[in-house]
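Asks: Below is one structure. I have some questions about it.
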Amino acid sequence: MVHLLAKLLPEECPKLLHRVVDSVCGRESPRMADYGDMWTLVEWMEVLDSLSSLFRLAVGKNTPDEEVSQESVLASLADVGRGYGEAVLTVLRARREEICQALVERTNNVSSSTLQDFDWHIKLALASDKISSLQTPLLNLSLDVKENGALKPVSVEMNREELQTLISSMEAANKVVLQLK
């Protein structure tokens with residue numbers, strides 16, 4: 001609900017925008033006490049959420065053509081006026097790298113573990129102590145996971161159904177990642 005931004009004087013807009021970027025980057029958020037005479041608590045939360053989302057999306061799309069990014073920002077701010085859109089673009093241009101770095105750090109902090117290497121091989125289980133003729137293919141997946149600076153080996157053995165479930169999960173995760181780009 002960026003239209004609420006119009007309640008703010010255009011000359012005070014850059015100060016608020018820089019404070020919003022500070023909060024996106026993990027620093028102190030703007031305080032409602034400084035702007036309480038303009039917005040109710042609900043409106044204040046909407047303004048903060050909308051502006052934060054606008055900055056994250058504008059930087060997160062990482063479009064090579066900056067004009068496309070500028071046009072999308074101006075289009076989302078069309079109902080508040082060009083002066084506000086220009087203020088947002090000025091702050092966005094000035095602090096794009098900082099926002100990008102904060103988004104990358106936030107993404108990296110999802111997990112402290114990273115996959116360093118993997119190896120796999122397939123074996124055929126011919127029999128077991130319960131079944132004399134089994135003939136089931138099994139996948140041995142060896143993962144080298146770096147966790148808190150230490151390399152930790154992880155081994156997983158999967159049958160065909162478990163492998164298919166893993167592949168489906170990875171394809172779904174890949175689809176989500178591609179949608180975020």
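Numbering starts fresh at 1 for the residues of each chain in the structure tokens, the chains themselves are lettered A, B, ... in the order given, and ligands are numbered from 1 as they appear.
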For region 155-169 of chain A, find every residue with an atom within 12 Å (counting only C-alpha atoms), except residues of its own chain fewer than 2 positions away, and show them as a ChimeraX atom specification.

Replies: /A:118-125,135-145,152-153,171-176

Asks: When distances are computed from only C-alpha atoms, which of A:Leu9, A:Val154, A:Val21, A:Val177 shows the smallest separation from Thr107 (chain A)?

Replies: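 For Thr107 (chain A), the nearest of the candidates is A:Val177.
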
Asks: Record the distance separating CA of Leu92 (chain A) and CA of Leu48 (chain A), expressed in Å with one decimal.

Replies: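 Rounded to one decimal, the two atoms are 15.4 Å apart.
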
Asks: I'd like to know which residues of chain A are helix (DSSP H, G or I) (by DSSP, run on the backbone); could you write them as a VMD selection string?

Replies: chain A and resid 2 to 7 13 to 24 32 to 35 41 to 60 66 to 76 82 to 108 160 to 180

Asks: How far is it from CA of Val104 (chain A) to CA of Cys13 (chain A), in Å with one decimal?

Replies: 26.5 Å

Asks: Mind giving me the straight-line distance from CA of Ser29 (chain A) to CA of Ser50 (chain A) in Å, one decimal?

Replies: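 For CA of Ser29 (chain A) relative to CA of Ser50 (chain A), the distance reads 13.9 Å.
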
Asks: Could you check the closest approach to Asn109 (chain A) for each of A:Ser52, A:Asn148, A:Leu134, A:Lys15 and tell me which residue wins, using only C-alpha atoms?

Replies: A:Asn148

Asks: So, counting only C-alpha atoms, which residue among A:Leu178, A:Cys25, A:Met170, A:Met32 is closest to Arg95 (chain A)?

Replies: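 Using only C-alpha atoms, the shortest distance to Arg95 (chain A) belongs to A:Cys25.
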